[in-house]
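So this one's entry-v1.txt, compact mmCIF, C-alpha atoms:
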# COMPACT_ATOMS: atom_id res chain seq x y z
CA MET X 259 62.04 -163.40 45.11
CA LYS X 260 60.57 -163.38 41.63
CA THR X 261 58.45 -166.27 40.35
CA ALA X 262 57.27 -166.91 36.81
CA ALA X 263 54.56 -169.42 35.92
CA VAL X 264 53.55 -171.54 32.96
CA ILE X 265 50.34 -173.51 32.38
CA ALA X 266 51.00 -176.60 30.29
CA GLU X 267 50.07 -180.07 29.13
CA TYR X 268 53.46 -181.17 27.76
CA ASN X 269 51.73 -183.88 25.75
CA PRO X 270 54.57 -184.63 25.19
CA PHE X 271 57.33 -182.18 26.13
CA HIS X 272 59.17 -180.90 23.03
CA ASN X 273 61.65 -178.32 21.75
CA GLY X 274 59.08 -175.52 21.73
CA HIS X 275 58.42 -176.03 25.44
CA ALA X 276 62.15 -176.07 26.23
CA TRP X 277 62.60 -172.86 24.20
CA GLN X 278 59.78 -171.19 26.13
CA LEU X 279 61.27 -172.04 29.55
CA SER X 280 64.72 -170.90 28.41
CA LYS X 281 63.32 -167.65 26.99
CA ILE X 282 61.48 -166.92 30.26
CA ARG X 283 64.78 -167.30 32.12
CA GLU X 284 66.44 -164.94 29.68
CA LEU X 285 63.77 -162.22 29.59
CA ALA X 286 62.34 -162.28 33.12
CA SER X 287 65.30 -163.55 35.19
CA PRO X 288 62.98 -165.27 37.68
CA ASP X 289 64.31 -167.02 40.75
CA TYR X 290 61.88 -169.85 40.08
CA ILE X 291 59.53 -171.15 37.40
CA VAL X 292 56.40 -173.00 38.49
CA VAL X 293 54.44 -175.13 36.02
CA VAL X 294 50.78 -176.03 36.48
CA LEU X 295 50.51 -179.29 34.55
CA SER X 296 47.50 -181.25 33.34
CA GLY X 297 47.25 -184.63 35.00
CA ASP X 298 46.61 -187.88 33.14
CA TYR X 299 43.90 -186.35 30.91
CA VAL X 300 44.10 -183.29 28.69
CA GLN X 301 41.94 -180.55 27.24
CA ARG X 302 41.35 -182.38 23.95
CA GLY X 303 39.17 -184.78 25.95
CA THR X 304 41.64 -187.65 25.75
CA PRO X 305 44.17 -189.35 28.01
CA ALA X 306 47.66 -187.89 27.90
CA ILE X 307 50.02 -189.94 25.77
CA LEU X 308 52.37 -190.24 28.79
CA ASP X 309 51.47 -190.27 32.48
CA LYS X 310 51.73 -187.08 34.53
CA TYR X 311 54.85 -188.20 36.42
CA SER X 312 56.86 -188.75 33.23
CA ARG X 313 55.80 -185.37 31.88
CA ALA X 314 56.52 -183.63 35.21
CA GLU X 315 60.04 -185.09 35.25
CA MET X 316 60.64 -183.84 31.70
CA ALA X 317 59.61 -180.34 32.78
CA LEU X 318 61.88 -180.40 35.84
CA ARG X 319 64.88 -181.56 33.81
CA CYS X 320 64.34 -178.76 31.27
CA GLY X 321 64.00 -175.70 33.49
CA ALA X 322 60.94 -175.92 35.74
CA ASP X 323 61.52 -175.70 39.50
CA LEU X 324 58.12 -176.77 40.78
CA VAL X 325 55.36 -178.75 39.02
CA LEU X 326 51.79 -178.67 40.35
CA GLU X 327 48.86 -180.77 39.17
CA LEU X 328 45.93 -179.01 37.51
CA PRO X 329 42.61 -180.28 38.95
CA LEU X 330 41.00 -182.99 36.82
CA ALA X 331 37.83 -181.13 35.80
CA ALA X 332 39.96 -178.18 34.62
CA SER X 333 42.56 -180.25 32.78
CA CYS X 334 39.96 -181.91 30.54
CA GLY X 335 37.58 -178.97 30.40
CA SER X 336 36.93 -176.17 27.92
CA ALA X 337 39.49 -173.41 27.44
CA GLN X 338 37.60 -171.29 29.96
CA ARG X 339 37.54 -174.02 32.62
CA PHE X 340 41.17 -174.92 31.92
CA ALA X 341 42.20 -171.30 32.44
CA GLU X 342 40.03 -170.73 35.50
CA GLY X 343 41.39 -173.79 37.29
CA ALA X 344 45.02 -172.93 36.56
CA ALA X 345 44.58 -169.24 37.46
CA ALA X 346 42.94 -170.23 40.76
CA ILE X 347 45.98 -172.30 41.72
CA LEU X 348 48.55 -169.72 40.66
CA ASP X 349 46.74 -166.83 42.33
CA GLY X 350 46.18 -168.94 45.43
CA LEU X 351 49.90 -169.52 45.87
CA GLY X 352 50.40 -165.86 46.72
CA ALA X 353 53.95 -166.03 45.34
CA VAL X 354 53.63 -165.79 41.53
CA ASP X 355 54.55 -162.56 39.77
CA GLU X 356 54.10 -163.36 36.07
CA LEU X 357 52.19 -165.84 33.92
CA TRP X 358 53.92 -166.60 30.61
CA PHE X 359 52.20 -168.19 27.64
CA GLY X 360 52.81 -168.64 23.94
CA SER X 361 50.59 -166.90 21.40
CA GLU X 362 50.31 -166.36 17.69
CA ALA X 363 50.00 -162.61 18.37
CA GLY X 364 53.32 -162.50 20.21
CA THR X 365 52.46 -159.15 21.80
CA GLU X 366 50.77 -158.44 25.12
CA ALA X 367 48.65 -155.43 24.17
CA PRO X 368 45.54 -157.33 22.93
CA PHE X 369 45.58 -159.57 26.01
CA LEU X 370 45.62 -156.53 28.28
CA THR X 371 42.84 -154.57 26.53
CA LEU X 372 40.28 -157.19 25.45
CA PRO X 373 39.49 -158.64 28.92
CA GLY X 374 38.17 -155.27 30.09
CA ILE X 375 35.66 -155.17 27.23
CA LEU X 376 34.59 -158.79 27.59
CA LEU X 377 34.12 -158.54 31.35
CA GLU X 378 32.55 -155.08 31.51
CA GLU X 379 30.39 -155.69 28.42
CA PRO X 380 29.74 -152.09 27.28
CA GLU X 381 26.17 -151.48 26.18
CA SER X 382 26.87 -151.46 22.43
CA TYR X 383 28.89 -154.69 22.66
CA GLN X 384 26.23 -156.35 24.81
CA ARG X 385 23.48 -155.35 22.37
CA ALA X 386 25.41 -156.73 19.37
CA LEU X 387 26.15 -159.97 21.23
CA LYS X 388 22.49 -160.53 22.11
CA ASP X 389 21.41 -159.83 18.53
CA ALA X 390 23.92 -162.36 17.17
CA LEU X 391 22.89 -165.04 19.67
CA ARG X 392 19.20 -164.49 18.84
CA ASN X 393 20.07 -165.26 15.21
CA GLY X 394 21.25 -168.72 16.22
CA ILE X 395 24.99 -168.08 15.94
CA SER X 396 27.31 -170.05 18.25
CA PHE X 397 28.72 -168.10 21.18
CA PRO X 398 32.32 -167.86 19.84
CA ALA X 399 31.04 -166.59 16.48
CA ALA X 400 28.59 -164.22 18.19
CA ARG X 401 31.33 -162.83 20.41
CA LEU X 402 33.57 -162.24 17.40
CA GLN X 403 30.77 -160.48 15.50
CA ALA X 404 29.92 -158.30 18.50
CA LEU X 405 33.56 -157.35 19.05
CA GLU X 406 33.97 -156.42 15.39
CA GLN X 407 30.99 -154.09 15.60
CA TYR X 408 32.14 -152.60 18.89
CA LEU X 409 35.72 -152.00 17.76
CA SER X 410 34.59 -150.32 14.54
CA GLY X 411 32.23 -147.99 16.39
CA SER X 412 32.54 -144.33 17.31
CA PRO X 413 36.12 -142.95 17.23
CA GLU X 414 35.28 -141.11 20.47
CA ASN X 415 35.10 -144.49 22.20
CA HIS X 416 38.63 -144.50 23.61
CA LYS X 417 38.46 -148.04 24.99
CA ALA X 418 37.41 -149.42 21.61
CA ALA X 419 40.05 -147.35 19.82
CA GLU X 420 42.76 -148.61 22.20
CA ALA X 421 41.71 -152.24 21.68
CA ALA X 422 41.50 -151.82 17.90
CA SER X 423 44.99 -150.34 17.85
CA ALA X 424 46.35 -153.18 19.99
CA LEU X 425 44.76 -155.76 17.70
CA ALA X 426 46.03 -154.17 14.49
CA ALA X 427 49.51 -155.59 15.07
CA ALA X 428 47.96 -159.03 15.55
CA GLY X 429 46.09 -158.92 12.24
CA GLY X 430 42.77 -157.70 13.61
CA ILE X 431 40.16 -159.24 15.87
CA ARG X 432 39.10 -161.97 13.42
CA SER X 433 42.65 -163.23 12.98
CA PHE X 434 43.31 -162.93 16.72
CA LEU X 435 40.27 -164.98 17.77
CA SER X 436 40.82 -167.66 15.13
CA SER X 437 44.22 -168.63 16.58
CA PRO X 438 44.11 -171.35 19.28
CA ASN X 439 46.97 -170.08 21.45
CA ASN X 440 45.57 -166.54 21.35
CA ILE X 441 42.20 -167.85 22.50
CA LEU X 442 43.71 -169.78 25.40
CA GLY X 443 45.93 -166.84 26.37
CA LEU X 444 42.90 -164.56 26.37
CA GLU X 445 41.12 -166.99 28.71
CA TYR X 446 44.12 -166.88 31.06
CA CYS X 447 43.93 -163.09 31.13
CA LEU X 448 40.16 -163.12 31.66
CA ALA X 449 40.53 -165.58 34.55
CA LEU X 450 43.23 -163.48 36.22
CA ARG X 451 41.23 -160.26 35.72
CA GLN X 452 38.08 -161.83 37.19
CA ARG X 453 40.02 -162.87 40.28
CA GLY X 454 41.54 -159.41 40.68
CA SER X 455 44.92 -161.12 40.58
CA SER X 456 48.18 -159.18 40.70
CA ILE X 457 49.84 -161.74 38.41
CA ARG X 458 51.02 -160.02 35.24
CA PRO X 459 50.33 -161.75 31.89
CA ARG X 460 53.37 -162.07 29.61
CA THR X 461 53.45 -163.65 26.18
CA LEU X 462 56.02 -165.09 23.81
CA PRO X 463 55.47 -165.63 20.08
CA ARG X 464 54.67 -169.20 19.15
CA ILE X 465 57.50 -170.56 17.01
CA GLY X 466 57.66 -173.42 14.54
CA SER X 467 54.66 -175.38 13.31
CA SER X 468 51.09 -174.27 13.75
CA TYR X 469 49.06 -175.73 16.60
CA HIS X 470 47.18 -178.24 14.42
CA GLN X 471 49.92 -179.12 11.91
CA ALA X 472 50.02 -182.92 11.66
CA GLU X 473 53.38 -183.36 9.89
CA LEU X 474 56.79 -183.09 11.52
CA SER X 475 58.96 -180.08 10.73
CA ALA X 476 62.72 -179.72 11.22
CA THR X 477 62.96 -179.06 14.97
CA PHE X 478 59.87 -177.20 16.21
CA SER X 479 56.94 -179.49 15.41
CA SER X 480 53.51 -179.32 16.99
CA ALA X 481 52.57 -181.72 19.78
CA THR X 482 49.93 -183.11 17.39
CA ALA X 483 52.59 -184.06 14.83
CA ILE X 484 54.88 -185.53 17.48
CA ARG X 485 52.11 -187.69 18.95
CA ARG X 486 51.18 -188.96 15.51
CA ALA X 487 54.78 -189.80 14.65
CA LEU X 488 55.30 -191.53 17.99
CA LEU X 489 52.26 -193.73 17.49
CA ASP X 490 52.76 -194.41 13.78
CA THR X 491 56.54 -194.65 13.46
CA GLY X 492 58.18 -194.85 16.88
CA ALA X 493 60.41 -192.81 19.15
CA ASP X 494 63.35 -192.52 16.73
CA ALA X 495 61.18 -190.41 14.41
CA VAL X 496 60.85 -187.66 17.05
CA ARG X 497 64.32 -187.73 18.57
CA GLY X 498 65.21 -184.32 17.15
CA GLN X 499 61.92 -182.81 18.31
CA MET X 500 62.83 -182.72 22.01
CA PRO X 501 65.86 -181.90 24.14
CA GLU X 502 68.38 -184.72 24.03
CA GLU X 503 68.42 -185.03 27.82
CA ILE X 504 64.78 -186.07 28.00
CA PHE X 505 64.68 -188.45 25.06
CA PRO X 506 65.77 -191.34 27.35
CA LEU X 507 62.78 -190.52 29.59
CA LEU X 508 60.46 -190.84 26.62
CA GLU X 509 62.06 -194.13 25.60
CA ARG X 510 61.86 -195.46 29.15
CA ALA X 511 58.21 -194.53 29.49
CA ARG X 512 57.35 -195.88 26.04
CA LYS X 513 59.03 -199.23 26.64
CA SER X 514 57.85 -199.77 30.20
CA SER X 515 54.39 -198.23 30.06
CA GLY X 516 53.37 -197.81 26.45
CA LEU X 517 51.72 -194.76 24.87
CA LEU X 518 48.03 -194.32 25.60
CA THR X 519 45.28 -192.99 23.33
CA GLU X 520 41.53 -192.61 23.80
CA ASP X 521 40.92 -195.93 22.07
CA ASP X 522 42.67 -197.74 24.90
CA PHE X 523 39.70 -196.60 27.02
CA SER X 524 37.03 -197.88 24.62
CA LEU X 525 35.89 -200.84 26.72
CA PRO X 526 35.44 -198.96 30.03
CA LEU X 527 33.65 -196.17 28.14
CA LYS X 528 31.24 -198.60 26.48
CA TYR X 529 30.62 -200.28 29.85
CA GLN X 530 29.78 -196.91 31.42
CA LEU X 531 27.50 -195.86 28.57
CA LEU X 532 25.56 -199.13 28.76
CA LYS X 533 24.54 -198.21 32.31
CA GLU X 534 23.17 -194.80 31.36
CA THR X 535 19.90 -193.41 30.05
CA PRO X 536 19.27 -190.16 28.15
CA GLU X 537 18.10 -188.65 31.44
CA SER X 538 21.05 -189.84 33.55
CA LEU X 539 23.64 -188.73 30.99
CA THR X 540 22.68 -185.07 31.35
CA ARG X 541 24.04 -184.98 34.89
CA TYR X 542 27.56 -185.13 33.50
CA LEU X 543 29.57 -182.06 32.57
CA ASP X 544 28.99 -180.76 29.01
CA VAL X 545 26.37 -183.40 28.12
CA SER X 546 23.28 -181.67 26.73
CA SER X 547 19.94 -183.41 26.35
CA ASP X 548 20.45 -183.52 22.57
CA LEU X 549 23.87 -185.14 22.90
CA ALA X 550 22.56 -187.57 25.54
CA ALA X 551 19.80 -188.71 23.19
CA ARG X 552 22.24 -189.05 20.32
CA ILE X 553 24.61 -191.15 22.46
CA CYS X 554 21.85 -193.58 23.38
CA ASN X 555 20.45 -193.75 19.86
CA CYS X 556 23.88 -194.51 18.36
CA LEU X 557 25.21 -196.82 21.06
CA ASN X 558 24.70 -200.00 19.01
CA ASN X 559 27.19 -198.55 16.53
CA PHE X 560 29.93 -198.09 19.14
CA TYR X 561 33.24 -199.71 18.13
CA SER X 562 35.84 -197.48 19.76
CA PHE X 563 36.16 -194.19 21.64
CA SER X 564 37.48 -192.27 18.61
CA GLN X 565 35.04 -193.84 16.13
CA PHE X 566 32.07 -193.10 18.40
CA ALA X 567 33.16 -189.50 18.98
CA GLU X 568 33.45 -189.02 15.22
CA LEU X 569 29.98 -190.52 14.78
CA LEU X 570 28.48 -188.17 17.37
CA LYS X 571 29.91 -184.87 16.15
CA THR X 572 27.60 -182.53 14.24
CA ARG X 573 27.68 -179.03 12.80
CA ASN X 574 26.80 -177.70 16.26
CA ILE X 575 29.18 -179.78 18.38
CA THR X 576 32.83 -180.28 17.51
CA ARG X 577 34.80 -183.48 17.78
CA THR X 578 36.80 -182.05 20.70
CA ALA X 579 33.60 -181.13 22.55
CA VAL X 580 32.29 -184.67 22.04
CA ASN X 581 35.59 -186.11 23.26
CA ARG X 582 35.34 -184.04 26.42
CA ALA X 583 31.72 -185.02 27.03
CA LEU X 584 32.52 -188.73 26.66
CA LEU X 585 35.53 -188.40 28.94
CA HIS X 586 33.44 -186.59 31.55
CA ILE X 587 30.96 -189.48 31.45
CA LEU X 588 33.74 -192.03 31.82
CA LEU X 589 35.31 -190.18 34.77
CA GLY X 590 32.00 -189.21 36.39
CA LEU X 591 32.61 -185.46 36.22
CA THR X 592 29.73 -183.09 36.96
CA ALA X 593 29.19 -179.34 37.18
CA LYS X 594 30.00 -179.58 40.89
CA ASP X 595 33.47 -180.91 40.05
CA SER X 596 34.02 -178.03 37.63
CA GLU X 597 33.10 -175.52 40.34
CA ALA X 598 35.49 -177.19 42.77
CA ALA X 599 38.33 -177.04 40.23
CA ALA X 600 37.84 -173.27 39.91
CA ALA X 601 38.12 -172.87 43.70
CA PRO X 602 40.74 -175.42 44.81
CA ALA X 603 41.35 -176.04 48.51
CA PHE X 604 44.92 -177.23 47.93
CA ALA X 605 47.54 -177.70 45.22
CA ARG X 606 49.19 -181.05 44.68
CA MET X 607 52.94 -181.03 44.07
CA LEU X 608 54.08 -183.52 41.45
CA GLY X 609 57.74 -182.61 41.53
CA LEU X 610 60.36 -180.19 42.87
CA ARG X 611 63.95 -179.32 42.01
CA SER X 612 66.53 -179.31 44.77
CA GLY X 613 67.12 -175.84 46.19
CA CYS X 614 63.71 -174.45 45.22
CA ALA X 615 62.42 -172.35 48.12
CA LEU X 616 59.06 -171.65 46.54
CA PRO X 617 57.05 -174.14 48.70
CA ALA X 618 58.43 -172.48 51.83
CA ALA X 619 57.46 -169.03 50.50
CA VAL X 620 53.95 -170.26 49.79
CA ARG X 621 53.63 -171.71 53.29
CA ASP X 622 54.92 -168.47 54.82
CA ALA X 623 52.34 -166.51 52.87
CA GLY X 624 49.60 -168.66 54.41
CA ALA X 625 48.19 -169.25 50.96
CA LEU X 626 46.94 -172.38 49.21
CA PRO X 627 48.25 -175.50 50.99
CA LEU X 628 50.75 -177.55 49.01
CA ILE X 629 50.48 -181.30 49.45
CA THR X 630 52.65 -184.19 48.28
CA LYS X 631 50.60 -187.12 49.59
CA PRO X 632 46.93 -187.19 48.54
CA ALA X 633 46.34 -189.98 51.06
CA SER X 634 46.74 -187.37 53.81
CA LEU X 635 43.78 -185.32 52.55
CA PRO X 636 40.32 -185.49 54.16
CA ALA X 637 37.97 -188.15 52.80
CA GLY X 638 36.42 -187.10 49.50
CA ALA X 639 38.89 -184.30 48.77
CA TYR X 640 40.71 -186.23 46.03
CA ASP X 641 38.22 -188.95 45.06
CA LYS X 642 37.66 -187.99 41.39
CA GLU X 643 41.38 -187.47 40.74
CA LEU X 644 42.13 -190.74 42.51
CA PHE X 645 39.67 -192.70 40.40
CA ALA X 646 40.85 -191.07 37.17
CA SER X 647 44.52 -191.72 37.91
CA ASN X 648 43.89 -195.32 38.92
CA LEU X 649 41.82 -195.89 35.77
CA TYR X 650 44.68 -194.49 33.67
CA GLU X 651 47.11 -196.75 35.51
CA THR X 652 44.82 -199.76 35.07
CA VAL X 653 44.66 -199.26 31.32
CA ARG X 654 48.43 -198.65 31.19
CA SER X 655 49.27 -201.77 33.19
CA GLN X 656 46.93 -203.93 31.10
CA LYS X 657 48.34 -202.63 27.83
CA SER X 658 51.98 -202.91 28.87
CA ARG X 659 51.62 -206.08 30.97
CA GLN X 660 53.35 -204.26 33.81
CA PRO X 661 52.34 -204.24 37.50
CA PHE X 662 49.61 -201.83 38.57
CA VAL X 663 50.79 -199.01 40.87
CA HIS X 664 48.10 -197.38 43.01
CA GLU X 665 48.07 -193.58 42.95
CA TYR X 666 48.68 -193.41 46.70
CA SER X 667 51.89 -195.42 46.20
CA ARG X 668 53.37 -192.97 43.72
CA LYS X 669 56.52 -191.21 44.94
CA PHE X 670 56.92 -187.45 44.87
CA LEU X 671 59.56 -186.40 42.31
CA PHE X 672 62.58 -184.64 43.80
CA LEU X 673 65.48 -183.81 41.50
Take the structure in the file and write it out as structure tokens.
Amino acid sequence: MKTAAVIAEYNPFHNGHAWQLSKIRELASPDYIVVVLSGDYVQRGTPAILDKYSRAEMALRCGADLVLELPLAASCGSAQRFAEGAAAILDGLGAVDELWFGSEAGTEAPFLTLPGILLEEPESYQRALKDALRNGISFPAARLQALEQYLSGSPENHKAAEAASALAAAGGIRSFLSSPNNILGLEYCLALRQRGSSIRPRTLPRIGSSYHQAELSATFSSATAIRRALLDTGADAVRGQMPEEIFPLLERARKSSGLLTEDDFSLPLKYQLLKETPESLTRYLDVSSDLAARICNCLNNFYSFSQFAELLKTRNITRTAVNRALLHILLGLTAKDSEAAAAPAFARMLGLRSGCALPAAVRDAGALPLITKPASLPAGAYDKELFASNLYETVRSQKSRQPFVHEYSRKFLFL
């Protein structure tokens, strides 16, 4: 049995995602495709525009066989945390052969050579990295500078020469590390390498619009553009941007539940911040003492989640990093939660296609337990996810004037 895997947010599911799943079927001929999907909150530090069940159903109807939930602290964490949490689940299944991801590079060579350098940290690379950090450069910029120096070093350095050759086809190291999908793909490969996983990384070229493009294109628009069009214009504007068979799911979810943004969470966020002090805020994930002080000093100027995040950003902390910090405060996430996400004790199944034997194979391998009912877990094992999902559902039900559905009452998707 051959199993391919994808790590995704599907926020929302669109033509590019459908193309990726179809291309994996064509190139790898897997028996099954498993998707590790962000829950109700995503890596941008915001709620997903649609709930996790709607997005899981879209994935199942467009080629996925099994959809698993990414732990909360990983789904709304940095690229490194996101990758570590997903890799821990996939490796823990004991039944995944390949991890597929989209990239601007479109070739696997850089993803196979760079992790060795970054993890082993050869002396010349390590020295250049320390020098750059001492000069006050941010870590991503320091890493790029150190890699440039290392790769342009002695021609007798075969590892550097191999990496430089692999990167040449991708436009060089600076171009490679300035592309968001390349960065995330590299984190996947680093996470797998650190775990000593046998899962093979595979990449497909990203097609259509760039990751951050905010305007719709003909058929392969970015998720950013699709979200903007959905919120500004309505579902009809994005009909051609997703497979026709899932458009009714989008319409159903939009009409019954509404589309959520971070500003729908403004009131609970303000309530939580009013209870905090500069000292207490630093216990939350990604909240430095400087950011904690800035939050408290600016709190009287809070009007909405997005406006406050924009107010808090500086040259040294990006808007996305502020979003994540605020979301971590709202959801009560700490470093302990991040550590737990990187070493999960179980994997929650959100949905399964009929005839998929992958859960049975995982059980036979005695690997990571697969669960469908969080209520059956030991006390405390799902508390943060439970609170976060019920908060999402509370905001959704209030906005849409629809009944609240407790997370423990949600039905497992079986298609």
Contacts of Ala314 of chain X at 7 Å or less, counting all atoms listed in the file, minus same-chain residues fewer than 4 places along, as a PDB file with C-alpha atoms, keeping the file's coordinate frame?
ATOM      1  CA  LYS X 310      51.730-187.080  34.530  1.00  0.00           C
ATOM      2  CA  LEU X 318      61.880-180.400  35.840  1.00  0.00           C
ATOM      3  CA  VAL X 325      55.360-178.750  39.020  1.00  0.00           C
ATOM      4  CA  LEU X 608      54.080-183.520  41.450  1.00  0.00           C
ATOM      5  CA  GLY X 609      57.740-182.610  41.530  1.00  0.00           C
TER       6      GLY X 609
END
Check your understanding: From the list X:Ile395, X:Glu356, X:Glu473, X:Val545, which residue is nearest Ser455 of chain X when using all atoms listed in the file?
Key ->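 The closest residue to Ser455 of chain X is X:Glu356.
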Review point. How many Å lie between atom CA of Asp522 of chain X and atom CA of Asp298 of chain X, rounded to one decimal?
Key: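 Distance reported for this atom pair: 13.4 Å.
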Near segment 556-572 of chain X, within 9 Å and counting all atoms listed in the file, which residues show up once chain neighbours fewer than 3 positions away are dropped, as a short mmCIF file (atom, residue, chain, number, x, y, z; two decimals) with C-alpha atoms, in the frame of the given file?
data_model
loop_
_atom_site.label_atom_id
_atom_site.label_comp_id
_atom_site.auth_asym_id
_atom_site.auth_seq_id
_atom_site.Cartn_x
_atom_site.Cartn_y
_atom_site.Cartn_z
CA GLU X 520 41.53 -192.61 23.80
CA ASP X 521 40.92 -195.93 22.07
CA ASP X 522 42.67 -197.74 24.90
CA PHE X 523 39.70 -196.60 27.02
CA SER X 524 37.03 -197.88 24.62
CA LEU X 525 35.89 -200.84 26.72
CA LEU X 527 33.65 -196.17 28.14
CA LYS X 528 31.24 -198.60 26.48
CA LEU X 531 27.50 -195.86 28.57
CA LEU X 532 25.56 -199.13 28.76
CA LEU X 549 23.87 -185.14 22.90
CA ALA X 551 19.80 -188.71 23.19
CA ARG X 552 22.24 -189.05 20.32
CA ILE X 553 24.61 -191.15 22.46
CA ILE X 575 29.18 -179.78 18.38
CA THR X 576 32.83 -180.28 17.51
CA ARG X 577 34.80 -183.48 17.78
CA THR X 578 36.80 -182.05 20.70
CA ALA X 579 33.60 -181.13 22.55
CA VAL X 580 32.29 -184.67 22.04
CA ASN X 581 35.59 -186.11 23.26
CA LEU X 584 32.52 -188.73 26.66
#
Check your understanding: Could you name the residues that touch Arg659 of chain X at 12 Å or less, counting all atoms listed in the file, but leaving out those on the same chain fewer than 3 positions away, as a list in words?
Key ->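 What passes the distance filter is Lys513, Ser514, Ser515, Gly516, Glu651, Thr652, Val653, Arg654, Ser655, Gln656 and Phe662 of chain X.
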Review point. Taking into account only C-alpha atoms, which residue in the set X:Pro602, X:Gly394, X:Gly430, X:Pro632 is nearest to Leu328 of chain X?
Key: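 Of all the options, X:Pro602 lies closest to Leu328 of chain X.
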**Study point:** Residues within 12 Å of Ile504 of chain X, only C-alpha atoms, excluding chain neighbours under 5 positions, as a list in words
**Key:** Pro270, Phe271, His272, Asn273, Ala276, Ser312, Arg313, Ala314, Glu315, Met316, Ala317, Leu318, Arg319, Cys320, Gly321, Ala493, Val496, Arg497, Gly498, Gln499, Glu509, Arg510 and Ala511 of chain X
Point to revise | Selection near segment 285-287 of chain X, 10 Å with all atoms listed in the file, sequence-local residues under 5 positions removed, as number ranges by chain | key: X: 260-262, 280, 356, 358, 460
Review point. Closest to Ser475 of chain X among X:Ala615, X:Ala331, X:Ala487, X:Val292, using only C-alpha atoms?
Key: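 Among the listed residues, X:Ala487 lies closest to Ser475 of chain X.
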Point to revise | Shortest interatomic distance to Tyr290 of chain X - which of X:Ser479, X:Ala593, X:Ala322, X:Ala306, counting all atoms listed in the file | key: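 Closest candidate: X:Ala322.
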Exercise for review: For atom CA of Leu442 of chain X and atom CA of Glu284 of chain X, determine how far apart the two atoms are, in Å to one decimal place.
Suggested key: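 These atoms are spaced 23.6 Å apart.
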Practice item. Scan for residues within 10 Å of the point (51.2, -189.2, 18.2) in the coordinates of the file, using only C-alpha atoms, and reply as a VMD selection string. Key: chain X and resid 269 to 270 307 472 481 to 493 496 517 to 519
Point to revise | Between atom CA of His586 of chain X and atom CA of Pro398 of chain X - distance in Å to one decimal | key: 22.1 Å
Check your understanding: Using only C-alpha atoms, which of X:Leu279, X:Cys447, X:Ala399, X:Ala419 sits nearest Ala337 of chain X?
Key ->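 Ranked by minimum distance to Ala337 of chain X, first place goes to X:Cys447.
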**Study point:** Best match for closeness to Tyr640 of chain X among X:Glu420, X:Asp389, X:Glu379, X:Glu665, counting all atoms listed in the file
**Key:** X:Glu665
Exercise for review: Please work out which residues fall within 12 Å of (42.8, -156.4, 16.3), coordinates as given in the file, with only C-alpha atoms counting, and return them as number ranges by chain.
Suggested key: X: 363, 365, 367-369, 371-372, 402, 405-406, 408-410, 418-436, 440
